[in-house]
file protein_14.txt (compact mmCIF, C-alpha atoms)
# COMPACT_ATOMS: atom_id res chain seq x y z
CA MET A 1 0.00 0.00 0.00
CA THR A 2 1.92 3.02 -1.17
CA SER A 3 1.77 5.76 -3.74
CA SER A 4 5.29 6.93 -2.85
CA GLU A 5 7.71 7.43 -5.70
CA LEU A 6 10.61 4.98 -5.55
CA TRP A 7 14.21 6.22 -5.43
CA SER A 8 16.36 4.81 -8.23
CA ARG A 9 19.92 3.56 -7.74
CA GLU A 10 21.31 6.68 -9.42
CA ALA A 11 19.26 9.03 -7.23
CA ALA A 12 20.20 7.12 -4.08
CA ASP A 13 23.91 7.20 -4.92
CA ARG A 14 23.92 10.98 -5.30
CA TYR A 15 21.50 11.76 -2.46
CA ASP A 16 24.05 12.44 0.27
CA ALA A 17 26.13 14.70 -1.96
CA GLY A 18 23.07 16.87 -2.56
CA GLU A 19 22.20 17.14 1.14
CA THR A 20 25.45 18.40 2.64
CA GLU A 21 23.75 21.33 4.36
CA MET A 22 21.06 19.10 5.89
CA SER A 23 23.82 16.75 7.07
CA SER A 24 25.83 19.50 8.73
CA ALA A 25 26.41 19.69 12.48
CA ALA A 26 24.36 22.89 12.60
CA VAL A 27 21.28 21.00 11.36
CA LEU A 28 21.85 17.56 12.83
CA GLY A 29 22.95 18.70 16.28
CA PRO A 30 19.56 20.07 17.37
CA THR A 31 17.74 17.28 15.52
CA ILE A 32 19.60 14.49 17.31
CA ALA A 33 19.35 16.24 20.68
CA PHE A 34 15.56 16.66 20.29
CA LEU A 35 14.96 13.05 19.22
CA ALA A 36 17.29 11.60 21.86
CA GLU A 37 15.46 13.51 24.60
CA VAL A 38 12.09 12.22 23.40
CA ALA A 39 13.38 8.64 23.13
CA GLY A 40 14.83 8.72 26.63
CA ASP A 41 16.02 5.23 27.54
CA GLY A 42 13.85 3.56 24.89
CA ARG A 43 14.20 2.44 21.29
CA ALA A 44 13.53 4.62 18.24
CA LEU A 45 12.05 3.67 14.87
CA GLU A 46 12.56 5.90 11.84
CA PHE A 47 9.99 5.68 9.06
CA ALA A 48 11.58 6.24 5.61
CA ILE A 49 15.08 6.14 7.05
CA GLY A 50 16.68 6.68 3.64
CA THR A 51 20.47 6.76 3.64
CA GLY A 52 20.58 7.22 7.42
CA ARG A 53 21.19 10.98 7.53
CA VAL A 54 19.46 11.12 10.92
CA GLY A 55 19.22 7.47 11.95
CA VAL A 56 22.95 6.75 11.89
CA PRO A 57 24.06 9.69 14.10
CA LEU A 58 21.09 9.09 16.43
CA ARG A 59 22.29 5.49 16.86
CA GLU A 60 25.84 6.71 17.39
CA SER A 61 24.54 9.01 20.13
CA GLY A 62 23.46 5.93 22.09
CA VAL A 63 19.79 5.55 21.11
CA PRO A 64 18.91 2.08 19.75
CA VAL A 65 17.46 2.72 16.27
CA ALA A 66 15.64 0.60 13.70
CA GLY A 67 14.30 1.75 10.34
CA ILE A 68 11.77 1.15 7.60
CA GLU A 69 12.71 2.12 4.04
CA LEU A 70 10.84 1.61 0.77
CA SER A 71 13.86 1.92 -1.56
CA GLU A 72 16.37 -0.90 -1.47
CA HIS A 73 18.85 1.44 -3.16
CA MET A 74 18.58 4.03 -0.37
CA ALA A 75 18.95 1.29 2.23
CA ALA A 76 22.05 -0.01 0.41
CA VAL A 77 23.69 3.41 0.81
CA LEU A 78 22.86 3.36 4.53
CA ARG A 79 24.34 -0.12 4.83
CA ARG A 80 27.73 1.22 3.68
CA LYS A 81 27.74 3.35 6.85
CA ILE A 82 26.53 0.92 9.52
CA ASP A 83 25.85 -2.81 9.80
CA GLU A 84 22.49 -4.56 10.10
CA ASP A 85 23.04 -5.74 13.67
CA THR A 86 23.72 -2.18 14.83
CA LEU A 87 20.86 -0.56 12.90
CA PRO A 88 18.35 -3.01 11.41
CA VAL A 89 16.25 -1.83 8.46
CA ALA A 90 13.09 -3.45 7.10
CA ILE A 91 12.35 -2.93 3.39
CA GLY A 92 8.76 -1.82 2.96
CA ASP A 93 6.35 1.11 3.07
CA MET A 94 5.90 3.15 6.22
CA ALA A 95 2.11 2.86 6.24
CA THR A 96 1.89 -0.91 6.69
CA THR A 97 5.31 -2.48 7.36
CA VAL A 98 5.70 -3.81 10.90
CA VAL A 99 8.98 -4.46 12.71
CA PRO A 100 9.32 -6.44 15.96
CA GLY A 101 9.09 -4.89 19.39
CA GLU A 102 7.81 -1.71 20.98
CA PHE A 103 9.37 1.73 20.69
CA ALA A 104 9.53 4.86 22.82
CA LEU A 105 9.82 6.97 19.67
CA VAL A 106 8.67 6.71 16.07
CA TYR A 107 9.74 9.61 13.88
CA LEU A 108 9.53 11.01 10.35
CA VAL A 109 11.81 13.87 9.28
CA TYR A 110 12.37 16.24 6.37
CA ASN A 111 8.81 16.31 4.95
CA THR A 112 8.78 12.55 4.34
CA LEU A 113 5.15 12.08 5.36
CA SER A 114 4.24 14.02 2.21
CA ASN A 115 5.69 11.20 0.08
CA LEU A 116 2.41 9.38 0.76
CA LEU A 117 0.14 10.92 -1.85
CA THR A 118 -3.29 10.12 -0.40
CA GLN A 119 -4.99 11.02 2.85
CA GLU A 120 -5.82 7.36 3.43
CA GLU A 121 -2.15 6.38 3.32
CA GLN A 122 -1.16 9.21 5.62
CA VAL A 123 -3.80 8.10 8.14
CA GLU A 124 -2.45 4.55 7.91
CA CYS A 125 1.04 5.91 8.59
CA PHE A 126 -0.21 7.40 11.85
CA ARG A 127 -1.89 4.11 12.71
CA ASN A 128 1.33 2.26 11.97
CA ALA A 129 3.25 4.60 14.24
CA ALA A 130 0.73 4.00 17.04
CA ARG A 131 1.01 0.25 16.43
CA HIS A 132 4.74 0.38 17.15
CA LEU A 133 4.66 2.72 20.15
CA ARG A 134 4.67 1.53 23.72
CA PRO A 135 2.16 3.27 26.04
CA GLY A 136 3.46 6.78 26.67
CA GLY A 137 5.60 6.65 23.49
CA ARG A 138 5.77 9.54 21.02
CA PHE A 139 5.36 10.02 17.29
CA VAL A 140 7.43 12.95 15.95
CA ILE A 141 7.04 14.52 12.51
CA GLU A 142 9.02 17.30 10.81
CA LEU A 143 6.88 18.79 8.03
CA GLY A 144 6.62 22.02 6.09
CA VAL A 145 3.59 24.26 6.33
CA PRO A 146 1.96 24.53 2.87
CA PRO A 147 3.22 27.83 1.39
CA LEU A 148 -0.12 28.75 -0.13
CA ARG A 149 0.07 32.30 1.22
CA PHE A 150 2.62 32.95 -1.55
CA LEU A 151 0.12 32.08 -4.28
CA PRO A 152 -1.68 35.11 -5.74
CA PRO A 153 -4.87 34.45 -7.71
CA GLY A 154 -4.16 32.55 -10.91
CA GLN A 155 -0.61 31.51 -9.96
CA VAL A 156 0.26 27.85 -9.39
CA ALA A 157 4.05 28.00 -8.87
CA VAL A 158 6.18 29.13 -5.90
CA PRO A 159 10.00 29.31 -6.05
CA PHE A 160 11.81 27.95 -2.99
CA ASP A 161 15.46 28.14 -4.06
CA ILE A 162 17.30 30.30 -6.59
CA SER A 163 21.03 29.81 -6.25
CA GLU A 164 24.07 29.41 -8.46
CA ARG A 165 23.82 25.63 -8.72
CA HIS A 166 20.13 25.00 -8.15
CA LEU A 167 16.72 26.32 -9.18
CA GLY A 168 13.70 24.95 -7.36
CA PHE A 169 9.98 25.68 -7.44
CA ASP A 170 6.76 23.98 -6.44
CA THR A 171 3.59 23.75 -8.51
CA PHE A 172 0.26 23.11 -6.79
CA ASP A 173 -2.88 21.11 -7.48
CA LEU A 174 -5.17 22.74 -4.92
CA VAL A 175 -8.00 20.25 -5.47
CA ARG A 176 -5.93 17.10 -4.85
CA GLN A 177 -3.76 18.82 -2.20
CA VAL A 178 -0.65 17.74 -4.12
CA LEU A 179 2.43 19.76 -4.96
CA VAL A 180 5.21 18.87 -7.39
CA SER A 181 8.73 19.99 -6.54
CA HIS A 182 10.80 20.80 -9.63
CA HIS A 183 14.60 20.89 -9.36
CA PHE A 184 17.10 22.12 -11.91
CA THR A 185 20.57 21.27 -10.59
CA ARG A 186 23.81 22.31 -12.23
CA ASP A 187 25.53 19.09 -13.27
CA GLY A 188 29.25 19.70 -13.50
CA ASP A 189 30.90 22.84 -14.83
CA ASP A 190 29.87 22.62 -18.48
CA GLY A 191 26.70 24.65 -17.95
CA SER A 192 24.32 21.69 -18.20
CA TYR A 193 21.50 21.12 -15.70
CA ARG A 194 19.82 17.97 -14.45
CA ARG A 195 16.05 18.09 -14.02
CA ASP A 196 14.29 16.18 -11.23
CA ARG A 197 10.73 16.27 -9.92
CA SER A 198 8.86 14.71 -7.01
CA GLN A 199 5.22 14.66 -5.91
CA HIS A 200 4.05 15.39 -2.37
CA ARG A 201 0.69 15.53 -0.59
CA TYR A 202 0.69 18.54 1.70
CA ALA A 203 -1.38 18.72 4.87
CA TRP A 204 -2.06 21.39 7.46
CA PRO A 205 -1.18 20.77 11.12
CA ALA A 206 -4.87 20.61 12.02
CA GLU A 207 -5.39 17.77 9.53
CA LEU A 208 -2.44 15.90 11.04
CA ASP A 209 -3.93 16.32 14.51
CA LEU A 210 -7.13 14.67 13.28
CA MET A 211 -5.11 11.81 11.75
CA ALA A 212 -3.40 11.39 15.11
CA ARG A 213 -6.76 11.26 16.93
CA ILE A 214 -7.96 8.60 14.51
CA ALA A 215 -4.84 6.59 15.41
CA GLY A 216 -5.42 7.09 19.15
CA LEU A 217 -2.63 9.63 19.67
CA GLU A 218 -2.77 12.98 21.48
CA LEU A 219 -0.94 16.18 20.52
CA GLU A 220 1.69 16.93 23.16
CA ARG A 221 3.52 19.89 21.63
CA ARG A 222 4.28 21.67 18.38
CA VAL A 223 7.30 23.90 17.74
CA ALA A 224 8.73 25.63 14.68
CA ASP A 225 12.13 23.88 14.61
CA TRP A 226 14.38 21.41 16.42
CA ASP A 227 15.62 24.21 18.70
CA GLY A 228 12.11 24.59 20.12
CA THR A 229 11.23 27.98 18.64
CA PRO A 230 7.51 28.68 19.24
CA PHE A 231 5.24 27.77 16.34
CA THR A 232 3.36 30.75 14.89
CA GLN A 233 1.27 31.62 11.85
CA ASP A 234 4.48 32.68 10.09
CA SER A 235 6.39 29.43 10.70
CA GLY A 236 7.51 27.68 7.53
CA LYS A 237 7.55 24.22 9.12
CA HIS A 238 6.70 22.47 12.34
CA ILE A 239 7.98 19.71 14.59
CA SER A 240 4.94 18.00 16.09
CA VAL A 241 4.90 15.45 18.91
CA TRP A 242 1.93 13.17 19.54
CA ARG A 243 1.77 10.83 22.54
CA LYS A 244 0.22 7.38 22.91
CA PRO A 245 -1.83 7.41 26.12
CA LEU A 246 -0.74 5.21 29.03
call {"tool": "encode", "arguments": {"input": "protein_14.txt", "output": "structure tokens"}}
result
Amino acid sequence: MTSSELWSREAADRYDAGETEMSSAAVLGPTIAFLAEVAGDGRALEFAIGTGRVGVPLRESGVPVAGIELSEHMAAVLRRKIDEDTLPVAIGDMATTVVPGEFALVYLVYNTLSNLLTQEEQVECFRNAARHLRPGGRFVIELGVPPLRFLPPGQVAVPFDISERHLGFDTFDLVRQVLVSHHFTRDGDDGSYRRDRSQHRYAWPAELDLMARIAGLELERRVADWDGTPFTQDSGKHISVWRKPL
């Protein structure tokens, strides 16, 4: 059960090189500290663990981590960094795949929930998180707030990056609640560009709270970033924490 687009071998092999900023200490430091605090002395499960950008350093910080990943190619890149016994990964989709045991923390970072392109699948993702959590455990999501305030009447595209080596903009289907991210990345120094695109289903925080209630989870807190900045109407993303009742 998944509508997620599957990462190819070529995309997986170049993923880390394109995410150097998101893999920096400035980004990962607060992320790991936040997740480790929520996990406490328990185990953590990362949905869509990818190449292990977050999962590997979280494990190295002392938190036992397991993962679920749809793309075997992404998981193969992770496996070059850490062995299966230290960080086990199940190949499958995050809405239905079950791994053994109970967890203090299930988490989804970097807008990955939006890879599920239907509301039904996103609800099932919340249910799957609840299925894995021990009583009192938490489900943490990092997700962007839909940037629809930037859309004047009649416009369907919003730029999100204009730099020397990359041009990026999103186009919106407001009926289906789906955006397509378009990337034009400078490929080498010959002036050529590589074009990539990916689909995402965006959802407002209030819709996520309802999904959580359907799954039997309760909102505990919502902040604007991993440093704990208060969430406001001007926040571009949110870190939300839902708790499984005791």
call {"tool": "closest_residue", "arguments": {"input": "protein_14.txt", "among": "A:Glu10, A:Ile214, A:Pro64, A:Cys125", "to": "Ala48 (chain A)", "atoms": "all atoms listed in the file"}}
result
A:Cys125
call {"tool": "atom_distance", "arguments": {"input": "protein_14.txt", "atom1": "CA of Asp209 (chain A)", "atom2": "CA of Val158 (chain A)"}}
result
26.1 Å
call {"tool": "closest_residue", "arguments": {"input": "protein_14.txt", "among": "A:Thr51, A:Leu174, A:Gly40, A:Phe169", "to": "Ala17 (chain A)", "atoms": "all atoms listed in the file"}}
result
A:Thr51
call {"tool": "residues_near_point", "arguments": {"input": "protein_14.txt", "point": "(23.6, 25.5, -4.1)", "cutoff": "12 Å", "atoms": "all atoms listed in the file", "output": "VMD selection string"}}
result
chain A and resid 17 to 21 161 to 168 183 to 187
call {"tool": "closest_residue", "arguments": {"input": "protein_14.txt", "among": "A:Ser198, A:Ser114, A:Asn128, A:Gln177", "to": "Thr97 (chain A)", "atoms": "all atoms listed in the file"}}
result
A:Asn128
call {"tool": "residues_around", "arguments": {"input": "protein_14.txt", "residues": "Gly101 (chain A)", "least_positions_apart": "3", "cutoff": "9 Å", "atoms": "all atoms listed in the file", "output": "list in words"}}
result
His132, Leu133 and Arg134 of chain A
call {"tool": "residues_around", "arguments": {"input": "protein_14.txt", "residues": "region 81-91 of chain A", "least_positions_apart": "3", "cutoff": "10 Å", "atoms": "all atoms listed in the file", "output": "list in words"}}
result
Leu45, Glu46, Phe47, Ala48, Ile49, Gly50, Thr51, Gly52, Gly55, Val56, Arg59, Glu60, Pro64, Val65, Ala66, Gly67, Ile68, Glu69, Leu70, Ser71, Glu72, Ala75, Ala76, Val77, Leu78, Met94, Thr97, Val98 and Val99 of chain A
call {"tool": "residues_around", "arguments": {"input": "protein_14.txt", "residues": "Arg201 (chain A)", "least_positions_apart": "6", "cutoff": "7 Å", "atoms": "all atoms listed in the file", "output": "list of chain:residue names"}}
result
A:Ser114, A:Asn115, A:Leu116, A:Leu117, A:Thr118, A:Gln177, A:Val178, A:Leu179
call {"tool": "closest_residue", "arguments": {"input": "protein_14.txt", "among": "A:Ala129, A:Ala203, A:Leu210, A:Val38", "to": "His238 (chain A)", "atoms": "only C-alpha atoms"}}
result
A:Ala203
call {"tool": "atom_distance", "arguments": {"input": "protein_14.txt", "atom1": "CA of Arg43 (chain A)", "atom2": "CA of Leu58 (chain A)"}}
result
10.7 Å
call {"tool": "closest_residue", "arguments": {"input": "protein_14.txt", "among": "A:Asp225, A:Val180, A:Ala130, A:Ser192", "to": "Arg213 (chain A)", "atoms": "all atoms listed in the file"}}
result
A:Ala130
call {"tool": "closest_residue", "arguments": {"input": "protein_14.txt", "among": "A:Arg9, A:Arg221, A:Lys237, A:Arg131", "to": "Trp204 (chain A)", "atoms": "all atoms listed in the file"}}
result
A:Lys237
call {"tool": "atom_distance", "arguments": {"input": "protein_14.txt", "atom1": "CA of Gly236 (chain A)", "atom2": "CA of Pro146 (chain A)"}}
result
7.9 Å
call {"tool": "residues_near_point", "arguments": {"input": "protein_14.txt", "point": "(15.1, 12.5, 27.2)", "cutoff": "12 Å", "atoms": "all atoms listed in the file", "output": "mmCIF file with C-alpha atoms, in the coordinates of the input"}}
result
data_model
loop_
_atom_site.group_PDB
_atom_site.id
_atom_site.type_symbol
_atom_site.label_atom_id
_atom_site.label_comp_id
_atom_site.auth_asym_id
_atom_site.auth_seq_id
_atom_site.Cartn_x
_atom_site.Cartn_y
_atom_site.Cartn_z
ATOM 1 C CA ILE A 32 19.600 14.490 17.310
ATOM 2 C CA ALA A 33 19.350 16.240 20.680
ATOM 3 C CA PHE A 34 15.560 16.660 20.290
ATOM 4 C CA LEU A 35 14.960 13.050 19.220
ATOM 5 C CA ALA A 36 17.290 11.600 21.860
ATOM 6 C CA GLU A 37 15.460 13.510 24.600
ATOM 7 C CA VAL A 38 12.090 12.220 23.400
ATOM 8 C CA ALA A 39 13.380 8.640 23.130
ATOM 9 C CA GLY A 40 14.830 8.720 26.630
ATOM 10 C CA ASP A 41 16.020 5.230 27.540
ATOM 11 C CA GLY A 42 13.850 3.560 24.890
ATOM 12 C CA ARG A 43 14.200 2.440 21.290
ATOM 13 C CA GLY A 62 23.460 5.930 22.090
ATOM 14 C CA VAL A 63 19.790 5.550 21.110
ATOM 15 C CA ALA A 104 9.530 4.860 22.820
ATOM 16 C CA LEU A 105 9.820 6.970 19.670
ATOM 17 C CA GLY A 137 5.600 6.650 23.490
ATOM 18 C CA ARG A 138 5.770 9.540 21.020
#
call {"tool": "residues_around", "arguments": {"input": "protein_14.txt", "residues": "Trp242 (chain A)", "least_positions_apart": "6", "cutoff": "7 Å", "atoms": "all atoms listed in the file", "output": "ChimeraX atom specification"}}
result
/A:138-140,217-220
call {"tool": "axis_aligned_box", "arguments": {"input": "protein_14.txt", "around": "region 44-48 of chain A", "padding_each_side": "6 Å", "output": "AutoDock Vina command-line options"}}
result
--center_x 11.8 --center_y 5.0 --center_z 11.9 --size_x 15.5 --size_y 14.6 --size_z 24.6
call {"tool": "residues_around", "arguments": {"input": "protein_14.txt", "residues": "Met211 (chain A)", "least_positions_apart": "3", "cutoff": "8 Å", "atoms": "only C-alpha atoms", "output": "MDAnalysis selection string"}}
result
chainID A and resid 122:123 126 207:208 214:215
call {"tool": "decode", "arguments": {"input": "protein_14.txt", "residues": "region 44-157 of chain A", "atoms": "C-alpha atoms", "output": "PDB file, in the first residue's frame"}}
result
ATOM      1  CA  ALA A  44      13.530   4.625  18.238  1.00  0.00           C
ATOM      2  CA  LEU A  45      12.049   3.669  14.875  1.00  0.00           C
ATOM      3  CA  GLU A  46      12.562   5.895  11.843  1.00  0.00           C
ATOM      4  CA  PHE A  47       9.990   5.681   9.060  1.00  0.00           C
ATOM      5  CA  ALA A  48      11.578   6.244   5.606  1.00  0.00           C
ATOM      6  CA  ILE A  49      15.085   6.136   7.048  1.00  0.00           C
ATOM      7  CA  GLY A  50      16.684   6.676   3.636  1.00  0.00           C
ATOM      8  CA  THR A  51      20.471   6.761   3.642  1.00  0.00           C
ATOM      9  CA  GLY A  52      20.580   7.217   7.422  1.00  0.00           C
ATOM     10  CA  ARG A  53      21.186  10.976   7.529  1.00  0.00           C
ATOM     11  CA  VAL A  54      19.456  11.122  10.921  1.00  0.00           C
ATOM     12  CA  GLY A  55      19.220   7.473  11.952  1.00  0.00           C
ATOM     13  CA  VAL A  56      22.949   6.751  11.889  1.00  0.00           C
ATOM     14  CA  PRO A  57      24.062   9.686  14.104  1.00  0.00           C
ATOM     15  CA  LEU A  58      21.094   9.086  16.429  1.00  0.00           C
ATOM     16  CA  ARG A  59      22.285   5.492  16.860  1.00  0.00           C
ATOM     17  CA  GLU A  60      25.842   6.714  17.390  1.00  0.00           C
ATOM     18  CA  SER A  61      24.542   9.014  20.134  1.00  0.00           C
ATOM     19  CA  GLY A  62      23.463   5.933  22.091  1.00  0.00           C
ATOM     20  CA  VAL A  63      19.792   5.551  21.111  1.00  0.00           C
ATOM     21  CA  PRO A  64      18.909   2.082  19.751  1.00  0.00           C
ATOM     22  CA  VAL A  65      17.459   2.725  16.270  1.00  0.00           C
ATOM     23  CA  ALA A  66      15.641   0.603  13.696  1.00  0.00           C
ATOM     24  CA  GLY A  67      14.303   1.750  10.343  1.00  0.00           C
ATOM     25  CA  ILE A  68      11.773   1.150   7.597  1.00  0.00           C
ATOM     26  CA  GLU A  69      12.705   2.122   4.041  1.00  0.00           C
ATOM     27  CA  LEU A  70      10.839   1.613   0.768  1.00  0.00           C
ATOM     28  CA  SER A  71      13.859   1.922  -1.560  1.00  0.00           C
ATOM     29  CA  GLU A  72      16.373  -0.905  -1.466  1.00  0.00           C
ATOM     30  CA  HIS A  73      18.848   1.444  -3.158  1.00  0.00           C
ATOM     31  CA  MET A  74      18.583   4.029  -0.369  1.00  0.00           C
ATOM     32  CA  ALA A  75      18.946   1.289   2.233  1.00  0.00           C
ATOM     33  CA  ALA A  76      22.053  -0.010   0.411  1.00  0.00           C
ATOM     34  CA  VAL A  77      23.694   3.413   0.813  1.00  0.00           C
ATOM     35  CA  LEU A  78      22.855   3.358   4.529  1.00  0.00           C
ATOM     36  CA  ARG A  79      24.338  -0.116   4.829  1.00  0.00           C
ATOM     37  CA  ARG A  80      27.731   1.220   3.677  1.00  0.00           C
ATOM     38  CA  LYS A  81      27.743   3.347   6.851  1.00  0.00           C
ATOM     39  CA  ILE A  82      26.532   0.923   9.525  1.00  0.00           C
ATOM     40  CA  ASP A  83      25.847  -2.815   9.795  1.00  0.00           C
ATOM     41  CA  GLU A  84      22.494  -4.561  10.105  1.00  0.00           C
ATOM     42  CA  ASP A  85      23.037  -5.744  13.667  1.00  0.00           C
ATOM     43  CA  THR A  86      23.719  -2.183  14.835  1.00  0.00           C
ATOM     44  CA  LEU A  87      20.863  -0.558  12.902  1.00  0.00           C
ATOM     45  CA  PRO A  88      18.351  -3.013  11.408  1.00  0.00           C
ATOM     46  CA  VAL A  89      16.255  -1.833   8.455  1.00  0.00           C
ATOM     47  CA  ALA A  90      13.088  -3.448   7.098  1.00  0.00           C
ATOM     48  CA  ILE A  91      12.347  -2.930   3.392  1.00  0.00           C
ATOM     49  CA  GLY A  92       8.756  -1.819   2.959  1.00  0.00           C
ATOM     50  CA  ASP A  93       6.354   1.106   3.069  1.00  0.00           C
ATOM     51  CA  MET A  94       5.904   3.151   6.224  1.00  0.00           C
ATOM     52  CA  ALA A  95       2.115   2.861   6.236  1.00  0.00           C
ATOM     53  CA  THR A  96       1.893  -0.910   6.693  1.00  0.00           C
ATOM     54  CA  THR A  97       5.315  -2.476   7.363  1.00  0.00           C
ATOM     55  CA  VAL A  98       5.699  -3.811  10.905  1.00  0.00           C
ATOM     56  CA  VAL A  99       8.980  -4.463  12.707  1.00  0.00           C
ATOM     57  CA  PRO A 100       9.324  -6.437  15.962  1.00  0.00           C
ATOM     58  CA  GLY A 101       9.087  -4.894  19.385  1.00  0.00           C
ATOM     59  CA  GLU A 102       7.812  -1.708  20.979  1.00  0.00           C
ATOM     60  CA  PHE A 103       9.375   1.728  20.695  1.00  0.00           C
ATOM     61  CA  ALA A 104       9.526   4.858  22.819  1.00  0.00           C
ATOM     62  CA  LEU A 105       9.816   6.974  19.673  1.00  0.00           C
ATOM     63  CA  VAL A 106       8.672   6.712  16.068  1.00  0.00           C
ATOM     64  CA  TYR A 107       9.745   9.606  13.881  1.00  0.00           C
ATOM     65  CA  LEU A 108       9.533  11.014  10.351  1.00  0.00           C
ATOM     66  CA  VAL A 109      11.815  13.867   9.283  1.00  0.00           C
ATOM     67  CA  TYR A 110      12.373  16.242   6.371  1.00  0.00           C
ATOM     68  CA  ASN A 111       8.810  16.311   4.955  1.00  0.00           C
ATOM     69  CA  THR A 112       8.784  12.550   4.341  1.00  0.00           C
ATOM     70  CA  LEU A 113       5.146  12.082   5.358  1.00  0.00           C
ATOM     71  CA  SER A 114       4.239  14.022   2.208  1.00  0.00           C
ATOM     72  CA  ASN A 115       5.690  11.196   0.084  1.00  0.00           C
ATOM     73  CA  LEU A 116       2.411   9.379   0.755  1.00  0.00           C
ATOM     74  CA  LEU A 117       0.138  10.919  -1.850  1.00  0.00           C
ATOM     75  CA  THR A 118      -3.293  10.117  -0.404  1.00  0.00           C
ATOM     76  CA  GLN A 119      -4.989  11.019   2.846  1.00  0.00           C
ATOM     77  CA  GLU A 120      -5.824   7.361   3.428  1.00  0.00           C
ATOM     78  CA  GLU A 121      -2.153   6.381   3.320  1.00  0.00           C
ATOM     79  CA  GLN A 122      -1.159   9.212   5.624  1.00  0.00           C
ATOM     80  CA  VAL A 123      -3.796   8.098   8.138  1.00  0.00           C
ATOM     81  CA  GLU A 124      -2.451   4.545   7.914  1.00  0.00           C
ATOM     82  CA  CYS A 125       1.037   5.910   8.586  1.00  0.00           C
ATOM     83  CA  PHE A 126      -0.212   7.399  11.852  1.00  0.00           C
ATOM     84  CA  ARG A 127      -1.886   4.108  12.709  1.00  0.00           C
ATOM     85  CA  ASN A 128       1.332   2.259  11.966  1.00  0.00           C
ATOM     86  CA  ALA A 129       3.248   4.598  14.241  1.00  0.00           C
ATOM     87  CA  ALA A 130       0.734   4.000  17.043  1.00  0.00           C
ATOM     88  CA  ARG A 131       1.007   0.250  16.429  1.00  0.00           C
ATOM     89  CA  HIS A 132       4.744   0.384  17.145  1.00  0.00           C
ATOM     90  CA  LEU A 133       4.660   2.718  20.155  1.00  0.00           C
ATOM     91  CA  ARG A 134       4.670   1.534  23.724  1.00  0.00           C
ATOM     92  CA  PRO A 135       2.162   3.274  26.043  1.00  0.00           C
ATOM     93  CA  GLY A 136       3.463   6.783  26.675  1.00  0.00           C
ATOM     94  CA  GLY A 137       5.603   6.648  23.488  1.00  0.00           C
ATOM     95  CA  ARG A 138       5.766   9.536  21.022  1.00  0.00           C
ATOM     96  CA  PHE A 139       5.363  10.025  17.288  1.00  0.00           C
ATOM     97  CA  VAL A 140       7.432  12.953  15.954  1.00  0.00           C
ATOM     98  CA  ILE A 141       7.043  14.517  12.509  1.00  0.00           C
ATOM     99  CA  GLU A 142       9.018  17.299  10.808  1.00  0.00           C
ATOM    100  CA  LEU A 143       6.881  18.790   8.030  1.00  0.00           C
ATOM    101  CA  GLY A 144       6.620  22.016   6.095  1.00  0.00           C
ATOM    102  CA  VAL A 145       3.591  24.262   6.326  1.00  0.00           C
ATOM    103  CA  PRO A 146       1.956  24.527   2.874  1.00  0.00           C
ATOM    104  CA  PRO A 147       3.222  27.834   1.394  1.00  0.00           C
ATOM    105  CA  LEU A 148      -0.121  28.748  -0.132  1.00  0.00           C
ATOM    106  CA  ARG A 149       0.068  32.301   1.219  1.00  0.00           C
ATOM    107  CA  PHE A 150       2.621  32.952  -1.549  1.00  0.00           C
ATOM    108  CA  LEU A 151       0.115  32.078  -4.279  1.00  0.00           C
ATOM    109  CA  PRO A 152      -1.676  35.112  -5.740  1.00  0.00           C
ATOM    110  CA  PRO A 153      -4.868  34.446  -7.707  1.00  0.00           C
ATOM    111  CA  GLY A 154      -4.161  32.546 -10.906  1.00  0.00           C
ATOM    112  CA  GLN A 155      -0.610  31.506  -9.961  1.00  0.00           C
ATOM    113  CA  VAL A 156       0.259  27.848  -9.388  1.00  0.00           C
ATOM    114  CA  ALA A 157       4.047  28.002  -8.871  1.00  0.00           C
TER     115      ALA A 157
END
